[in-house]
file input_20.txt (compact mmCIF, C-alpha atoms and all ligand atoms)
# COMPACT_ATOMS: atom_id res chain seq x y z
CA MET G 1 20.09 -10.80 -4.58
CA SER G 2 19.12 -11.06 -8.21
CA PRO G 3 16.06 -9.42 -9.68
CA GLU G 4 15.14 -12.25 -12.02
CA THR G 5 13.50 -15.51 -10.89
CA SER G 6 10.12 -16.89 -11.67
CA PRO G 7 9.11 -20.03 -9.83
CA GLU G 8 8.41 -23.14 -11.93
CA HIS G 9 5.32 -23.79 -9.88
CA ASP G 10 3.05 -20.91 -9.04
CA PRO G 11 0.90 -22.19 -6.16
CA VAL G 12 -1.74 -19.55 -6.64
CA HIS G 13 -2.35 -19.51 -10.34
CA ASP G 14 -1.70 -23.16 -11.10
CA GLU G 15 -4.45 -24.09 -8.68
CA GLN G 16 -6.82 -21.25 -9.50
CA PRO G 17 -6.92 -21.18 -13.28
CA GLY G 18 -8.87 -18.28 -14.61
CA PHE G 19 -10.74 -17.27 -11.46
CA GLY G 20 -11.52 -13.57 -11.29
CA PHE G 21 -10.35 -11.10 -8.68
CA SER G 22 -13.31 -11.26 -6.31
CA THR G 23 -13.59 -15.03 -6.54
CA ARG G 24 -9.95 -15.28 -5.48
CA ALA G 25 -10.45 -12.68 -2.71
CA ILE G 26 -13.25 -14.79 -1.26
CA HIS G 27 -11.89 -18.31 -1.85
CA VAL G 28 -8.11 -18.60 -2.13
CA GLY G 29 -6.73 -20.06 1.10
CA GLN G 30 -10.27 -20.12 2.50
CA ASP G 31 -11.63 -23.62 2.01
CA PRO G 32 -14.15 -24.66 4.69
CA GLU G 33 -12.28 -25.61 7.86
CA ALA G 34 -11.30 -29.30 7.88
CA VAL G 35 -12.63 -30.39 11.29
CA THR G 36 -15.97 -28.57 11.62
CA GLY G 37 -16.72 -27.33 8.11
CA ALA G 38 -16.80 -23.70 9.31
CA VAL G 39 -17.24 -21.66 6.13
CA THR G 40 -15.38 -18.66 7.50
CA VAL G 41 -11.70 -19.09 8.33
CA PRO G 42 -11.61 -19.28 12.14
CA VAL G 43 -9.58 -16.94 14.32
CA PHE G 44 -6.99 -19.43 15.57
CA GLN G 45 -6.41 -17.63 18.85
CA THR G 46 -3.59 -19.81 20.08
CA SER G 47 0.12 -19.28 20.69
CA THR G 48 1.16 -22.92 20.27
CA PHE G 49 0.07 -26.15 18.59
CA ALA G 50 0.05 -29.68 20.06
CA GLN G 51 2.53 -32.05 18.44
CA GLU G 52 1.78 -35.74 17.85
CA GLY G 53 5.33 -36.77 18.59
CA VAL G 54 8.65 -35.03 19.06
CA GLY G 55 9.13 -32.91 15.94
CA LYS G 56 5.90 -34.34 14.43
CA HIS G 57 3.36 -31.59 13.83
CA LYS G 58 0.62 -30.54 11.38
CA GLY G 59 2.54 -27.63 9.86
CA TYR G 60 2.23 -25.27 12.82
CA GLU G 61 4.43 -25.20 15.91
CA TYR G 62 4.42 -21.73 17.42
CA ALA G 63 2.29 -18.77 16.33
CA ARG G 64 5.12 -16.29 15.73
CA THR G 65 6.37 -18.66 13.03
CA GLY G 66 2.96 -19.46 11.60
CA ASN G 67 -0.76 -19.27 12.35
CA PRO G 68 -3.53 -20.70 10.12
CA THR G 69 -5.57 -17.46 10.08
CA ARG G 70 -2.47 -15.60 8.92
CA THR G 71 -1.70 -18.28 6.33
CA ALA G 72 -5.19 -17.89 4.83
CA LEU G 73 -4.74 -14.13 4.54
CA GLU G 74 -1.27 -14.50 3.04
CA SER G 75 -2.51 -16.94 0.37
CA ALA G 76 -5.47 -14.76 -0.58
CA LEU G 77 -3.49 -11.53 -0.75
CA ALA G 78 -0.64 -13.12 -2.72
CA SER G 79 -3.23 -14.33 -5.21
CA LEU G 80 -4.67 -10.84 -5.58
CA GLU G 81 -1.22 -9.43 -6.36
CA GLY G 82 -0.55 -12.21 -8.88
CA ALA G 83 2.28 -13.36 -6.61
CA ALA G 84 3.61 -16.80 -5.76
CA PHE G 85 4.48 -15.66 -2.24
CA GLY G 86 3.04 -13.31 0.35
CA VAL G 87 4.01 -12.43 3.90
CA ASP G 88 1.91 -10.54 6.45
CA PHE G 89 3.45 -8.11 8.96
CA ALA G 90 2.41 -6.13 12.03
CA SER G 91 2.18 -2.88 10.04
CA GLY G 92 3.09 -1.40 6.69
CA LEU G 93 6.31 -0.10 8.21
CA ALA G 94 7.18 -3.51 9.68
CA ALA G 95 6.75 -4.91 6.17
CA GLU G 96 9.01 -2.18 4.77
CA ASP G 97 11.57 -2.85 7.50
CA ALA G 98 11.69 -6.55 6.52
CA ILE G 99 12.30 -5.64 2.87
CA LEU G 100 15.01 -3.09 3.70
CA ARG G 101 16.85 -5.69 5.79
CA MET G 102 17.91 -7.28 2.50
CA LEU G 103 20.41 -4.42 2.22
CA ASP G 104 23.98 -4.37 3.55
CA PRO G 105 25.95 -1.40 4.91
CA GLY G 106 27.09 0.75 1.99
CA ASP G 107 24.09 -0.14 -0.18
CA HIS G 108 22.03 2.71 -1.57
CA VAL G 109 18.27 3.17 -1.87
CA VAL G 110 16.77 5.42 -4.54
CA MET G 111 13.33 6.70 -3.55
CA GLY G 112 10.77 9.18 -4.80
CA ASN G 113 11.07 12.76 -3.58
CA ASP G 114 7.50 12.60 -2.27
CA ALA G 115 7.72 9.25 -0.47
CA TYR G 116 5.38 8.46 2.40
CA GLY G 117 6.77 10.24 5.48
CA GLY G 118 7.13 7.04 7.49
CA THR G 119 9.07 5.38 4.68
CA PHE G 120 11.38 8.39 4.49
CA ARG G 121 11.90 8.30 8.26
CA LEU G 122 12.58 4.55 8.27
CA ILE G 123 15.11 4.71 5.44
CA SER G 124 16.86 7.91 6.55
CA LYS G 125 16.78 7.69 10.36
CA VAL G 126 16.79 3.94 11.05
CA PHE G 127 18.58 2.35 8.09
CA GLY G 128 20.79 5.44 7.75
CA ARG G 129 22.31 4.56 11.14
CA ALA G 130 22.96 1.04 9.87
CA GLY G 131 25.10 2.37 7.01
CA ILE G 132 22.46 2.40 4.26
CA THR G 133 22.59 5.51 2.07
CA TRP G 134 19.67 6.99 0.18
CA SER G 135 18.70 9.71 -2.24
CA ALA G 136 15.31 11.16 -3.19
CA HIS G 137 14.48 11.83 -6.84
CA ASP G 138 11.67 12.94 -9.08
CA LEU G 139 10.71 9.49 -10.36
CA THR G 140 8.28 10.94 -12.86
CA ASP G 141 11.34 11.98 -14.93
CA LEU G 142 13.50 8.89 -15.37
CA THR G 143 15.94 10.51 -17.84
CA VAL G 144 17.28 12.70 -15.03
CA LEU G 145 17.57 9.72 -12.70
CA ASP G 146 19.33 7.55 -15.31
CA GLY G 147 21.93 10.27 -15.83
CA ALA G 148 22.52 10.66 -12.08
CA TRP G 149 22.35 7.00 -11.03
CA PRO G 150 24.01 6.46 -7.62
CA ALA G 151 26.55 3.67 -8.06
CA ALA G 152 25.76 1.60 -4.97
CA THR G 153 22.00 1.47 -5.66
CA LYS G 154 20.58 -1.94 -4.76
CA MET G 155 16.96 -0.96 -4.38
CA VAL G 156 14.55 1.48 -5.99
CA TRP G 157 11.52 2.35 -3.87
CA VAL G 158 8.45 3.59 -5.72
CA GLU G 159 5.01 4.71 -4.65
CA THR G 160 2.41 5.32 -7.30
CA PRO G 161 0.12 7.18 -6.98
CA THR G 162 2.21 9.08 -4.43
CA ASN G 163 1.09 10.44 -1.12
CA PRO G 164 -0.18 13.18 -0.93
CA LEU G 165 0.66 14.74 -4.31
CA LEU G 166 -0.77 11.85 -6.37
CA ASN G 167 2.11 11.82 -8.83
CA ILE G 168 2.29 8.80 -11.12
CA VAL G 169 5.43 6.75 -11.71
CA ASP G 170 5.68 4.47 -14.75
CA ILE G 171 6.23 1.06 -13.12
CA ALA G 172 7.39 -0.76 -16.27
CA ALA G 173 9.84 2.03 -17.17
CA VAL G 174 11.33 2.27 -13.69
CA ALA G 175 11.54 -1.56 -13.51
CA ALA G 176 13.55 -1.62 -16.73
CA LEU G 177 15.82 1.14 -15.46
CA ALA G 178 16.32 -0.48 -12.04
CA HIS G 179 17.07 -3.87 -13.59
CA SER G 180 19.52 -2.37 -16.09
CA HIS G 181 21.46 -1.19 -13.01
CA GLU G 182 20.97 -4.54 -11.20
CA ALA G 183 18.74 -3.04 -8.54
CA LEU G 184 15.50 -4.45 -7.18
CA LEU G 185 12.28 -2.53 -7.67
CA VAL G 186 9.92 -2.27 -4.70
CA VAL G 187 6.48 -0.78 -5.35
CA ASP G 188 4.28 0.48 -2.52
CA ASN G 189 0.82 -0.40 -3.86
CA THR G 190 -1.12 0.95 -0.89
CA PHE G 191 -2.92 3.76 -2.76
CA ALA G 192 -3.90 1.75 -5.84
CA THR G 193 -4.49 -1.73 -4.34
CA PRO G 194 -4.12 -4.88 -6.46
CA TYR G 195 -7.62 -4.26 -7.80
CA LEU G 196 -6.46 -1.17 -9.67
CA GLN G 197 -2.78 -1.91 -10.26
CA GLN G 198 -0.60 -5.02 -10.58
CA PRO G 199 3.03 -3.97 -10.07
CA LEU G 200 4.54 -7.48 -10.34
CA ALA G 201 3.05 -7.83 -13.84
CA GLY G 202 4.71 -4.50 -14.67
CA GLY G 203 8.14 -5.82 -13.66
CA ALA G 204 8.36 -4.96 -9.95
CA ASP G 205 10.27 -7.47 -7.81
CA VAL G 206 8.45 -6.73 -4.58
CA VAL G 207 5.07 -5.19 -3.74
CA VAL G 208 4.48 -3.74 -0.30
CA HIS G 209 1.26 -2.60 1.36
CA SER G 210 0.01 -0.87 4.37
CA SER G 211 -3.02 -3.17 4.68
CA THR G 212 -4.21 -0.69 7.31
CA LYS G 213 -5.65 1.25 4.38
CA TYR G 214 -7.74 -0.11 1.48
CA LEU G 215 -7.03 -3.83 1.98
CA GLY G 216 -8.47 -3.84 5.51
CA GLY G 217 -10.72 -1.01 4.43
CA HIS G 218 -12.59 -0.36 7.69
CA SER G 219 -10.15 1.63 9.88
CA ASP G 220 -10.11 -1.16 12.45
CA THR G 221 -6.69 -2.80 12.16
CA VAL G 222 -3.07 -1.94 11.38
CA GLY G 223 -1.18 -4.31 9.10
CA GLY G 224 1.39 -4.72 6.36
CA PHE G 225 1.91 -7.13 3.50
CA VAL G 226 4.67 -8.04 1.04
CA ALA G 227 4.15 -9.97 -2.22
CA THR G 228 6.83 -11.34 -4.54
CA ASN G 229 7.49 -14.01 -7.16
CA ASN G 230 11.13 -14.28 -6.09
CA GLY G 231 11.66 -17.35 -3.88
CA ASP G 232 14.89 -15.96 -2.40
CA ILE G 233 13.12 -12.79 -1.31
CA ASP G 234 10.29 -14.86 0.14
CA GLN G 235 12.81 -16.89 2.15
CA HIS G 236 14.39 -13.69 3.43
CA LEU G 237 10.99 -12.27 4.43
CA ARG G 238 9.95 -15.48 6.22
CA PHE G 239 13.24 -15.51 8.08
CA ILE G 240 12.80 -11.88 9.18
CA GLN G 241 9.14 -12.42 10.08
CA ASN G 242 10.15 -15.22 12.42
CA ALA G 243 13.50 -13.83 13.62
CA VAL G 244 12.31 -10.28 14.35
CA GLY G 245 8.73 -11.18 15.23
CA ALA G 246 6.74 -8.24 13.84
CA VAL G 247 3.68 -10.46 13.38
CA ARG G 248 0.01 -9.70 13.86
CA GLY G 249 -2.36 -11.63 16.01
CA PRO G 250 -4.94 -13.85 14.30
CA TRP G 251 -7.83 -11.53 15.08
CA ASP G 252 -6.21 -8.72 13.10
CA CYS G 253 -5.43 -11.10 10.22
CA TYR G 254 -9.08 -12.12 10.27
CA LEU G 255 -10.22 -8.49 10.00
CA THR G 256 -8.03 -7.93 6.92
CA LEU G 257 -9.20 -11.22 5.39
CA ARG G 258 -12.78 -10.08 5.93
CA GLY G 259 -11.93 -6.70 4.41
CA ILE G 260 -10.45 -8.00 1.16
CA LYS G 261 -13.58 -9.99 0.34
CA THR G 262 -15.27 -6.70 -0.61
CA LEU G 263 -12.19 -4.94 -2.00
CA ALA G 264 -13.40 -4.95 -5.61
CA LEU G 265 -16.83 -3.55 -4.70
CA ARG G 266 -15.33 -0.92 -2.45
CA MET G 267 -12.76 0.21 -5.02
CA GLU G 268 -15.44 0.65 -7.68
CA ARG G 269 -17.33 2.92 -5.30
CA HIS G 270 -14.18 4.79 -4.21
CA ASN G 271 -13.47 5.42 -7.91
CA SER G 272 -16.91 6.76 -8.74
CA ASN G 273 -17.26 8.87 -5.56
CA ALA G 274 -13.81 10.38 -6.12
CA ALA G 275 -14.72 11.23 -9.71
CA ALA G 276 -17.82 13.09 -8.46
CA ILE G 277 -15.74 15.00 -5.89
CA VAL G 278 -13.22 15.93 -8.58
CA ASP G 279 -16.08 17.26 -10.73
CA LEU G 280 -17.06 19.54 -7.84
CA LEU G 281 -13.50 20.74 -7.18
CA VAL G 282 -12.46 21.46 -10.76
CA GLY G 283 -13.34 25.04 -11.54
CA HIS G 284 -14.58 25.85 -8.02
CA ASP G 285 -13.52 29.36 -6.92
CA ALA G 286 -12.12 28.11 -3.58
CA VAL G 287 -9.81 25.64 -5.34
CA ALA G 288 -6.53 26.54 -7.08
CA THR G 289 -5.48 23.10 -8.43
CA VAL G 290 -6.89 19.60 -8.28
CA LEU G 291 -4.43 16.71 -8.11
CA TYR G 292 -6.08 13.53 -9.41
CA PRO G 293 -4.61 11.09 -11.94
CA GLY G 294 -8.02 10.63 -13.54
CA LEU G 295 -7.91 14.20 -14.86
CA ALA G 296 -6.73 14.45 -18.47
CA THR G 297 -4.72 17.54 -17.40
CA HIS G 298 -2.76 15.55 -14.76
CA ALA G 299 0.89 15.07 -15.84
CA GLY G 300 0.71 11.34 -15.11
CA HIS G 301 -2.70 10.72 -16.66
CA GLU G 302 -1.52 8.71 -19.66
CA VAL G 303 0.70 6.45 -17.59
CA ALA G 304 -2.03 6.02 -14.97
CA ALA G 305 -4.58 5.13 -17.65
CA ARG G 306 -2.15 2.49 -18.97
CA GLN G 307 -1.12 0.88 -15.67
CA MET G 308 -4.25 1.33 -13.55
CA SER G 309 -7.76 0.05 -14.14
CA GLY G 310 -9.27 2.99 -12.22
CA PHE G 311 -7.94 6.12 -10.54
CA GLY G 312 -8.77 5.37 -6.92
CA GLY G 313 -10.27 7.22 -4.00
CA MET G 314 -7.51 9.67 -3.09
CA VAL G 315 -7.91 13.28 -4.18
CA SER G 316 -5.73 16.24 -3.22
CA PHE G 317 -6.24 19.91 -3.97
CA ARG G 318 -4.64 23.24 -3.25
CA ALA G 319 -6.88 25.89 -1.69
CA ALA G 320 -7.10 29.15 -3.60
CA GLY G 321 -6.80 31.18 -0.39
CA GLY G 322 -3.55 29.61 0.89
CA ARG G 323 -2.84 27.80 4.16
CA GLY G 324 -5.53 29.55 6.22
CA ALA G 325 -8.22 28.77 3.66
CA ALA G 326 -7.09 25.14 3.47
CA ILE G 327 -7.40 24.77 7.23
CA ARG G 328 -10.82 26.49 7.25
CA ILE G 329 -12.13 24.06 4.60
CA ILE G 330 -10.73 21.06 6.47
CA GLU G 331 -12.35 22.15 9.73
CA ALA G 332 -15.70 22.91 8.08
CA THR G 333 -16.59 19.45 6.74
CA LYS G 334 -19.09 17.40 8.71
CA LEU G 335 -19.12 14.05 6.93
CA PHE G 336 -15.46 14.03 5.93
CA THR G 337 -13.80 13.30 9.27
CA LEU G 338 -10.66 15.24 10.15
CA ALA G 339 -8.15 12.43 10.66
CA GLU G 340 -4.91 10.88 9.44
CA SER G 341 -4.95 7.60 7.52
CA LEU G 342 -6.94 6.75 4.40
CA GLY G 343 -8.50 4.01 2.36
CA ALA G 344 -11.46 3.04 4.49
CA VAL G 345 -15.22 3.11 4.02
CA GLU G 346 -15.58 6.51 5.73
CA SER G 347 -14.38 9.71 4.08
CA LEU G 348 -11.47 11.53 5.71
CA ILE G 349 -9.92 14.95 5.20
CA GLU G 350 -6.54 16.21 6.39
CA HIS G 351 -3.83 18.86 6.08
CA PRO G 352 -0.65 16.95 5.05
CA GLY G 353 1.66 19.89 5.84
CA VAL G 354 0.67 19.95 9.52
CA MET G 355 -0.49 16.34 9.99
CA THR G 356 0.87 13.38 7.99
CA HIS G 357 3.85 15.14 6.41
CA ALA G 358 4.98 17.47 9.22
CA SER G 359 8.27 15.55 9.57
CA ALA G 360 9.13 16.41 5.95
CA GLU G 361 9.18 20.19 6.59
CA GLY G 362 12.34 21.78 5.25
CA SER G 363 13.33 18.64 3.30
CA ASP G 364 12.92 17.61 -0.33
CA LEU G 365 9.74 15.91 0.73
CA GLU G 366 8.01 19.04 2.04
CA VAL G 367 4.48 19.52 0.69
CA PRO G 368 2.68 22.83 -0.06
CA ASP G 369 0.95 24.31 3.00
CA ASP G 370 -2.28 25.02 1.08
CA LEU G 371 -2.69 21.32 0.26
CA VAL G 372 -5.81 19.41 1.35
CA ARG G 373 -5.93 15.61 1.07
CA LEU G 374 -9.18 13.69 0.81
CA SER G 375 -9.68 9.99 1.24
CA VAL G 376 -13.04 9.64 -0.45
CA GLY G 377 -15.06 6.87 1.18
CA ILE G 378 -18.00 4.80 0.01
CA GLU G 379 -20.87 6.85 1.50
CA ASP G 380 -23.58 8.19 -0.83
CA GLU G 381 -22.06 10.35 -3.51
CA ALA G 382 -24.59 13.18 -3.17
CA ASP G 383 -23.96 13.48 0.59
CA LEU G 384 -20.20 13.70 0.12
CA VAL G 385 -20.47 16.28 -2.65
CA ALA G 386 -22.92 18.38 -0.56
CA ASP G 387 -20.66 18.25 2.50
CA LEU G 388 -17.54 19.30 0.64
CA ARG G 389 -19.44 22.04 -1.23
CA GLN G 390 -20.69 23.61 2.01
CA ALA G 391 -17.14 23.45 3.44
CA LEU G 392 -15.67 25.14 0.35
CA GLU G 393 -18.31 27.85 0.60
CA ALA G 394 -18.35 28.24 4.41
C1 LIG D 401 0.18 4.20 5.83
C2 LIG D 401 1.20 3.98 4.77
C3 LIG D 401 2.38 3.27 5.05
C4 LIG D 401 2.73 2.78 6.43
O1 LIG D 401 1.88 1.77 6.86
P1 LIG D 401 1.45 1.51 8.40
O2 LIG D 401 0.47 0.41 8.29
O3 LIG D 401 0.89 2.79 8.93
O4 LIG D 401 2.70 1.12 9.12
C5 LIG D 401 3.26 3.05 4.00
N1 LIG D 401 3.00 3.52 2.76
C6 LIG D 401 1.88 4.21 2.46
C7 LIG D 401 1.68 4.71 1.08
C8 LIG D 401 0.95 4.47 3.46
O5 LIG D 401 -0.14 5.18 3.18

call {"tool": "encode", "arguments": {"input": "input_20.txt", "output": "structure tokens"}}
result
Amino acid sequence: MSPETSPEHDPVHDEQPGFGFSTRAIHVGQDPEAVTGAVTVPVFQTSTFAQEGVGKHKGYEYARTGNPTRTALESALASLEGAAFGVDFASGLAAEDAILRMLDPGDHVVMGNDAYGGTFRLISKVFGRAGITWSAHDLTDLTVLDGAWPAATKMVWVETPTNPLLNIVDIAAVAALAHSHEALLVVDNTFATPYLQQPLAGGADVVVHSSTKYLGGHSDTVGGFVATNNGDIDQHLRFIQNAVGAVRGPWDCYLTLRGIKTLALRMERHNSNAAAIVDLLVGHDAVATVLYPGLATHAGHEVAARQMSGFGGMVSFRAAGGRGAAIRIIEATKLFTLAESLGAVESLIEHPGVMTHASAEGSDLEVPDDLVRLSVGIEDEADLVADLRQALEA
């Protein structure tokens, strides 16, 4: 498992010289269908593929191993991440599971101390039983981590921006540190999306997504995705995808493929709506602190401005009146729907302490109980601002 490799032939970029992000989102892997000319990639709802002779097939044998709708999505998403390879999975956690299966008993994973709860649970409770050790660190301060580097570390797991505290980790700096210790760097790019942040260009070895969120973008399918330029890692992922079988059906792949066509447009709107919400929150009497990397006062602002092309649609804040006030605000919104998840067209609001991060209570990953997390959608800005204002003042 070596961190360096760059393929001689990059199937995405060699064939798509200079095309922009949205052009690639709409066209890579999505030529009109060969037989009928269908402009939209069909949902190949089939479990098996006829063979012309024994062992003679057209590239597809059995749909766990490969399906043309899935292939189209994998090509397009890999292109968006600037990756030579991409593999789709049944969920973000299935994708993470496939990556973590590169590790052997005794290997160590370094992760952020505010990792996504499901990632923490997977690494600690599932891979922990398989002999993988882990430690959680403040990855915004790499000098501390460098001084306390766990010897068996084979993988560093980074989210940036983090969930729900929206801390920023310097991808290039952590890549250099991980590689100096011969560890792979995995970046969870779910919050930023490839439109706002390109971790592979920053030195990451692997990018992982919950495509349930912004990539799909419409709260209608659960999925996961891994991108890499490392052919050995790609081979591993393909093997796990087929051997373990955590694949999605073609209909779900189609929904994500449809979603990414508008990713750039949606992210622009998420950015501008979130900025308007932040303007409302900053200085409001009901709000103690606003956590948003776009704010010049945010500790990670400079790094975010360097490695992101926009600050995204996730905004967290701490209620001035404590836990009770936070819950009152959350229950008073009408347009912001009270729900877990994030990254879709509709705006959502939640209480991480009770909802998404309840399993972290009492651990390093515990979040403040007055914290409110917003996933700012793409509705009309004025309506969102008015709704949140009435909730803050209710
Ligand atoms: C939702 C999420 C995951 C897990 O993805 P699923 O699709 O729910 O399995 C992982 N990382 C982040 C940052 C997430 O938000």

call {"tool": "residues_near_ligand", "arguments": {"input": "input_20.txt", "ligand": "ligand LIG 401 (chain D)", "cutoff": "10 Å", "atoms": "only C-alpha atoms and all ligand atoms", "output": "PyMOL selection string"}}
result
chain G and resi 89-97+115-120+158-164+187-192+208-214+221-225+340-343+356

call {"tool": "write_last_selection", "arguments": {"input": "input_20.txt", "atoms": "C-alpha atoms", "output": "compact mmCIF listing (two decimals), in the coordinates of the input"}}
result
# COMPACT_ATOMS: atom_id res chain seq x y z
CA PHE G 89 3.45 -8.11 8.96
CA ALA G 90 2.41 -6.13 12.03
CA SER G 91 2.18 -2.88 10.04
CA GLY G 92 3.09 -1.40 6.69
CA LEU G 93 6.31 -0.10 8.21
CA ALA G 94 7.18 -3.51 9.68
CA ALA G 95 6.75 -4.91 6.17
CA GLU G 96 9.01 -2.18 4.77
CA ASP G 97 11.57 -2.85 7.50
CA ALA G 115 7.72 9.25 -0.47
CA TYR G 116 5.38 8.46 2.40
CA GLY G 117 6.77 10.24 5.48
CA GLY G 118 7.13 7.04 7.49
CA THR G 119 9.07 5.38 4.68
CA PHE G 120 11.38 8.39 4.49
CA VAL G 158 8.45 3.59 -5.72
CA GLU G 159 5.01 4.71 -4.65
CA THR G 160 2.41 5.32 -7.30
CA PRO G 161 0.12 7.18 -6.98
CA THR G 162 2.21 9.08 -4.43
CA ASN G 163 1.09 10.44 -1.12
CA PRO G 164 -0.18 13.18 -0.93
CA VAL G 187 6.48 -0.78 -5.35
CA ASP G 188 4.28 0.48 -2.52
CA ASN G 189 0.82 -0.40 -3.86
CA THR G 190 -1.12 0.95 -0.89
CA PHE G 191 -2.92 3.76 -2.76
CA ALA G 192 -3.90 1.75 -5.84
CA VAL G 208 4.48 -3.74 -0.30
CA HIS G 209 1.26 -2.60 1.36
CA SER G 210 0.01 -0.87 4.37
CA SER G 211 -3.02 -3.17 4.68
CA THR G 212 -4.21 -0.69 7.31
CA LYS G 213 -5.65 1.25 4.38
CA TYR G 214 -7.74 -0.11 1.48
CA THR G 221 -6.69 -2.80 12.16
CA VAL G 222 -3.07 -1.94 11.38
CA GLY G 223 -1.18 -4.31 9.10
CA GLY G 224 1.39 -4.72 6.36
CA PHE G 225 1.91 -7.13 3.50
CA GLU G 340 -4.91 10.88 9.44
CA SER G 341 -4.95 7.60 7.52
CA LEU G 342 -6.94 6.75 4.40
CA GLY G 343 -8.50 4.01 2.36
CA THR G 356 0.87 13.38 7.99

call {"tool": "residues_around", "arguments": {"input": "input_20.txt", "residues": "region 330-339 of chain G", "least_positions_apart": "4", "cutoff": "9 Å", "atoms": "all atoms listed in the file", "output": "list in words"}}
result
Ala325, Ala326, Glu346, Ser347, Leu348, Ile349, Glu350, His351, Met355, Val372, Leu374, Ser375, Val376, Gly377, Asp383, Leu384, Asp387, Leu388, Arg389, Gln390, Ala391, Leu392 and Ala394 of chain G

call {"tool": "residues_near_point", "arguments": {"input": "input_20.txt", "point": "(7.0, -14.3, 10.1)", "cutoff": "8 Å", "atoms": "all atoms listed in the file", "output": "PDB file with C-alpha atoms, in the frame of the given file"}}
result
ATOM      1  CA  ARG G  64       5.120 -16.290  15.730  1.00  0.00           C
ATOM      2  CA  THR G  65       6.370 -18.660  13.030  1.00  0.00           C
ATOM      3  CA  GLY G  66       2.960 -19.460  11.600  1.00  0.00           C
ATOM      4  CA  VAL G  87       4.010 -12.430   3.900  1.00  0.00           C
ATOM      5  CA  ASP G  88       1.910 -10.540   6.450  1.00  0.00           C
ATOM      6  CA  PHE G  89       3.450  -8.110   8.960  1.00  0.00           C
ATOM      7  CA  LEU G 237      10.990 -12.270   4.430  1.00  0.00           C
ATOM      8  CA  ARG G 238       9.950 -15.480   6.220  1.00  0.00           C
ATOM      9  CA  PHE G 239      13.240 -15.510   8.080  1.00  0.00           C
ATOM     10  CA  ILE G 240      12.800 -11.880   9.180  1.00  0.00           C
ATOM     11  CA  GLN G 241       9.140 -12.420  10.080  1.00  0.00           C
ATOM     12  CA  ASN G 242      10.150 -15.220  12.420  1.00  0.00           C
ATOM     13  CA  ALA G 243      13.500 -13.830  13.620  1.00  0.00           C
ATOM     14  CA  VAL G 244      12.310 -10.280  14.350  1.00  0.00           C
ATOM     15  CA  GLY G 245       8.730 -11.180  15.230  1.00  0.00           C
ATOM     16  CA  ALA G 246       6.740  -8.240  13.840  1.00  0.00           C
ATOM     17  CA  VAL G 247       3.680 -10.460  13.380  1.00  0.00           C
TER      18      VAL G 247
END

call {"tool": "atom_distance", "arguments": {"input": "input_20.txt", "atom1": "CA of Met308 (chain G)", "atom2": "CA of Ala276 (chain G)"}}
result
18.7 Å

call {"tool": "residues_around", "arguments": {"input": "input_20.txt", "residues": "Glu381 (chain G)", "least_positions_apart": "5", "cutoff": "10 Å", "atoms": "all atoms listed in the file", "output": "PyMOL selection string"}}
result
chain G and resi 269-270+272-277+376+386

call {"tool": "atom_distance", "arguments": {"input": "input_20.txt", "atom1": "CA of Glu81 (chain G)", "atom2": "CA of Met155 (chain G)"}}
result
20.2 Å

call {"tool": "residues_near_point", "arguments": {"input": "input_20.txt", "point": "(10.5, -0.7, -12.1)", "cutoff": "7 Å", "atoms": "all atoms listed in the file", "output": "PyMOL selection string"}}
result
chain G and resi 171-178+185+203-204

call {"tool": "write_last_selection", "arguments": {"input": "input_20.txt", "atoms": "C-alpha atoms", "output": "compact mmCIF listing (two decimals), keeping the file's coordinate frame"}}
result
# COMPACT_ATOMS: atom_id res chain seq x y z
CA ILE G 171 6.23 1.06 -13.12
CA ALA G 172 7.39 -0.76 -16.27
CA ALA G 173 9.84 2.03 -17.17
CA VAL G 174 11.33 2.27 -13.69
CA ALA G 175 11.54 -1.56 -13.51
CA ALA G 176 13.55 -1.62 -16.73
CA LEU G 177 15.82 1.14 -15.46
CA ALA G 178 16.32 -0.48 -12.04
CA LEU G 185 12.28 -2.53 -7.67
CA GLY G 203 8.14 -5.82 -13.66
CA ALA G 204 8.36 -4.96 -9.95

call {"tool": "residues_around", "arguments": {"input": "input_20.txt", "residues": "Ala76 (chain G)", "least_positions_apart": "4", "cutoff": "6 Å", "atoms": "only C-alpha atoms", "output": "count of residues only"}}
result
3

call {"tool": "closest_residue", "arguments": {"input": "input_20.txt", "among": "G:Thr143, G:Ser47, G:Asn113, G:Ser79", "to": "Trp157 (chain G)", "atoms": "all atoms listed in the file"}}
result
G:Asn113

call {"tool": "atom_distance", "arguments": {"input": "input_20.txt", "atom1": "CA of Phe311 (chain G)", "atom2": "CA of Glu74 (chain G)"}}
result
25.6 Å

call {"tool": "closest_residue", "arguments": {"input": "input_20.txt", "among": "G:Asp370, G:Leu200, G:Tyr292, G:Gly362", "to": "Gly324 (chain G)", "atoms": "all atoms listed in the file"}}
result
G:Asp370

call {"tool": "closest_residue", "arguments": {"input": "input_20.txt", "among": "G:Gly128, G:Gly231, G:Gly112, G:Gly321", "to": "Leu365 (chain G)", "atoms": "only C-alpha atoms"}}
result
G:Gly112

call {"tool": "axis_aligned_box", "arguments": {"input": "input_20.txt", "around": "region 255-268 of chain G", "padding_each_side": "5 Å", "output": "lines of an AutoDock Vina configuration file"}}
result
center_x = -12.4
center_y = -5.3
center_z = 1.2
size_x = 18.8
size_y = 21.9
size_z = 27.7

call {"tool": "closest_residue", "arguments": {"input": "input_20.txt", "among": "G:Ala344, G:Val315, G:Ala78, G:Leu145", "to": "His218 (chain G)", "atoms": "only C-alpha atoms"}}
result
G:Ala344
